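Step one of this worksheet: look at the structure below.
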Amino acid sequence: MRSPNADQVSIIAADLVADSVPSKLTAQDPTLWGPEAESEASIRLSWTTLHETSRALLPDLVALRAALHDEGVDRVVLAGMGGSSLAPEVITRTAGVPLVVLDTTDPAQVADALAGDLERTVIVVSSKSGGTVETDSHRRIFEKAFTDAGIDAASRIVVVTDPGSPLQKASEEAGYRKAFLADPNVGGRYSALTAFGLVPSYLAGADVETLLDDAAEVAKVVSQDSVENPAVVLAGVFGAAHAHGAEKIVFADTGSGIKGFGDWAEQLIAESTGKNGTGLLPVVVEGPGAPGFVDARSDATTVAIGPATGSANIAVEGPLGAQFLLWEYATALVGRVLGINPFDQPDVEAAKKASRALLDAPAVAATVPSFVDGPVEGHGTDWAPRKVNTVAEALAAIVEVAPDHGYISVQAYLDRIDDASFELLRAEIAKRTHLQTTFGWGPRFLHSTGQYHKGGHQNGVFIQITGESGDDLEVPGRPYTLAQLQLAQALGDGQVLAEHGRPVLRLHLEDRIAGLAQLVEAVQEDGS
């Protein structure tokens with residue numbers, strides 16, 4: 001560990017140990033975060049024992065996977081958002097087994113999932129309530145597709161939900177193949193080792209028993225009231241850094257063997273801490289040599305997932321199951337240090353409400369662009385210090401209004417598979433602006449960093465990228481298409497950010513390929 005605030009790290013760690021916070025957390029003491037958080041915390045702490053309690057799922061999982069394989073069904077699609085998809089994705093990617101993850105409203109990406117071999121497909125519909133609009137849309141679309149293909153849809157739908165939820169009731173009424181009930185006393189971002197993380201991962205072929213074994217081993221360590229406890233150390237490092245203006249945590253994988261861990265940690269940390277005008281902003285970068293990591297300034301703490309590297313303030317090694325539990329403990333502990341409730345997400349619902357209102361009044365979405373530059377329309381530049389007429393000018397303007405030691409958030413409401421090249425914008429912008437820069441795929445980041453954007457430190461500026469869709473998809477039983485939903489989500493979130501006084505630039509691509517080329521060229525201009 002290399003911390004410029006080592007003395008304060010030691011003080012924070014000593015205070016956590018003196019108050020027996022790790023052992024009290026393991027005992028699920030809801031008073032650790034103060035009276036205002038106690039009610040929520042009292043129903044959100046069962047994640048501390050999941051490495052034991054989730055083993056009860058294994059017999060049913062073994063039986064279901066065997067039955068599906070006997071029927072020739074071995075392609076698994078997961079419909080879920082936030083905690084329902086991020087953990088299964090990192091588990092299966094790390095295990096090297098295929099899982100089709102649907103955490104999008106992009107019509108092309110959903111169409112690609114539908115184009116797979118439906119005869120071999122089972123879809124896992126994961127939602128605590130069933131009311132998540134994206135997941136409900138996926139369920140409706142796949143149910144119709146199965147039926148249209150002459151397949152008994154109910155036999156190909158597996159549900160993961162909370163006991164007594166509307167989705168459990170709907171599953172029973174529809175006769176779906178199986179409903180796995182998760183522990184209701186676990187919030188979504190702490191649910192990696194619940195049925196939400198384990199069911200799709202096991203059905204896809206991952207070894208979830210070893211995942212639980214690895215979590216059980218680290219549980220012995222993170223529950224100890226000791227200044228050597230790695231969760232205590234992390235909480236001390238991040239708490240001390242935050243007190244000195246380093247409210248960002250930059251993650252780079254340095255050869256851990258874990259695939260996509262930063263995306264999971266991003267939701268856990270941002271949604272847990274980003275509220276009341278404070279919090280920690282995770283920045284996931286491409287590697288230890290990436291802009292934002294190798295040249296991090298005083299507003300960021302750099303973390304290597306894997307072996308230590310010269311640019312990292314701290315390195316964290318260990319198998320995936322252990323990493324899940326370690327970071328959950330560390331996040332809960334740093335919540336106490338920052339004086340916030342790490343189990344609520346008060347600002348997430350605002351964007352959902354704004355999106356629903358736009359779906360009810362679609363004419364509102366037909367905004368007039370501020371400028372048109374080739375295949376790119378620019379929207380919402382009223383915050384700019386001067387009139388902008390090109391993409392390059394607009395990007396230069398939003399960088400100009402970014403606060404010192406603020407951050408830039410790039411949000412792409414596109415197909416994260418076919419449009420994956422848009423991710424290169426993060427490094428290009430970070431390299432040229434020397435500001436910490438995040439990249440998120442819409443709408444999935446709304447269930448992740450979206451909370452921090454509205455509730456955390458108000459020093460971000462936001463670049464939304466939307467694009468024309470080719471063939472759209474109807475959502476059965478709903479008065480909107482996926483493309484309409486996707487645009488409403490972008491506009492709704494942009495509206496809420498603007499209400500918080502944050503600059504939002506939306507760049508709409510009439511042609512996605514040509515638009516990307518123009519964006520890269522504009523970023524690389526000296527003025528940006």
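Identifiers in the structure tokens: chain A, B, ... in order shown; residue index from 1 per chain; ligand index from 1 in order shown.
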Closest pair table for region 273-361 of chain A residues within 12 Å of region 165-186 of chain A, only C-alpha atoms, as JSON lines:
```
{"residue": "A:Glu328", "atom": "CA", "partner": "A:Val186", "partner_atom": "CA", "distance": 11.5}
{"residue": "A:Phe343", "atom": "CA", "partner": "A:Val186", "partner_atom": "CA", "distance": 9.2}
{"residue": "A:Asp344", "atom": "CA", "partner": "A:Val186", "partner_atom": "CA", "distance": 11.4}
```
Practice prompt. Write down as an MDAnalysis selection string the residues of region 270-375 of chain A whose backbone DSSP state falls under strand (DSSP E).
Written response: chainID A and resid 281:284 300:305 314:316 371:373
Practice prompt. Please identify all polymer residues within 12 Å of Glu89 (chain A), counting only C-alpha atoms, omitting same-chain residues fewer than 6 positions from it, and present them as a VMD selection string.
Written response: chain A and resid 76 to 83 95 to 103 192 196 to 202 204 206 258 to 264
Worksheet item: So which residues touch Ala488 (chain A) within 10 Å, counting only C-alpha atoms, skipping near sequence neighbours fewer than 2 positions away, as a list of chain:residue names?
Response: A:Ala351, A:Lys352, A:Ala354, A:Ser355, A:Arg356, A:Ala357, A:Leu358, A:Leu359, A:Asp360, A:Ala361, A:Pro362, A:Val364, A:Ala365, A:Leu482, A:Ala483, A:Gln484, A:Leu485, A:Gln486, A:Ala490, A:Leu491, A:Gly492, A:Asp493, A:Gly494
Discussion item. I want to know what sits within 8 Å of Val523 (chain A), based on only C-alpha atoms, with residues of the same chain fewer than 3 positions away left out; could you give that as an MDAnalysis selection string?
Written reply: chainID A and resid 392 395 425 428:429 432 519:520 528
Discussion item. Could you list, as a PyMOL selection string, every residue within 12 Å of region 470-474 of chain A, counting only C-alpha atoms and ignoring same-chain residues fewer than 5 positions away?
Written reply: chain A and resi 105-112+114+137-138+140-142+144-145+414-415+479-486+510-512
Discussion item. Would you pick out the contacts of Lys431 (chain A) at 9 Å or less, using only C-alpha atoms, so that residues sharing its chain but fewer than 2 positions from it are not included, and give the list as a list in words?
Written reply: Ala290, Pro291, Gly292, Asp295, Arg426, Ala427, Glu428, Ile429, Thr433, His434 and Leu435 of chain A
Kindly export the residues of the current selection with C-alpha atoms, as a CSV table (one decimal), in the first residue's frame.
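The resulting file, again_29.csv, is shown below:
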```csv
chain,number,residue,atom,x,y,z
A,290,ALA,CA,-4.1,3.7,-19.3
A,291,PRO,CA,-4.8,7.5,-19.0
A,292,GLY,CA,-6.4,8.2,-15.6
A,295,ASP,CA,-1.1,9.8,-14.7
A,426,ARG,CA,-12.8,7.1,-22.6
A,427,ALA,CA,-9.1,6.8,-23.0
A,428,GLU,CA,-8.9,9.4,-25.7
A,429,ILE,CA,-10.8,12.0,-23.7
A,433,THR,CA,-8.2,16.5,-20.8
A,434,HIS,CA,-6.3,15.1,-17.8
A,435,LEU,CA,-9.7,14.7,-16.1
```
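For the residues A:Gln323, A:Thr147, A:Ser226, A:Thr309, ranking by smallest atom-to-atom distance to Ala265 (chain A) using only C-alpha atoms places A:Gln323 first.
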Item to complete: Pick out each residue of region 93-338 of chain A that DSSP on the backbone tags as helix (DSSP H, G or I); I need them as a ChimeraX atom specification.
Response: /A:93-95,107-114,118-120,133-148,153-156,166-174,188-190,195-204,208-222,230-243,261-273,320-338
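The shortest atom-to-atom distance to Gly442 (chain A), with only C-alpha atoms taken into account, belongs to A:Arg416 out of A:Arg336, A:Arg75, A:Arg416, A:Lys454.
Among the candidate residues A:Gly467, A:Gly339, A:Glu271, A:Ile123, the one lying nearest to Glu36 (chain A) is A:Gly339, with distances computed using only C-alpha atoms.
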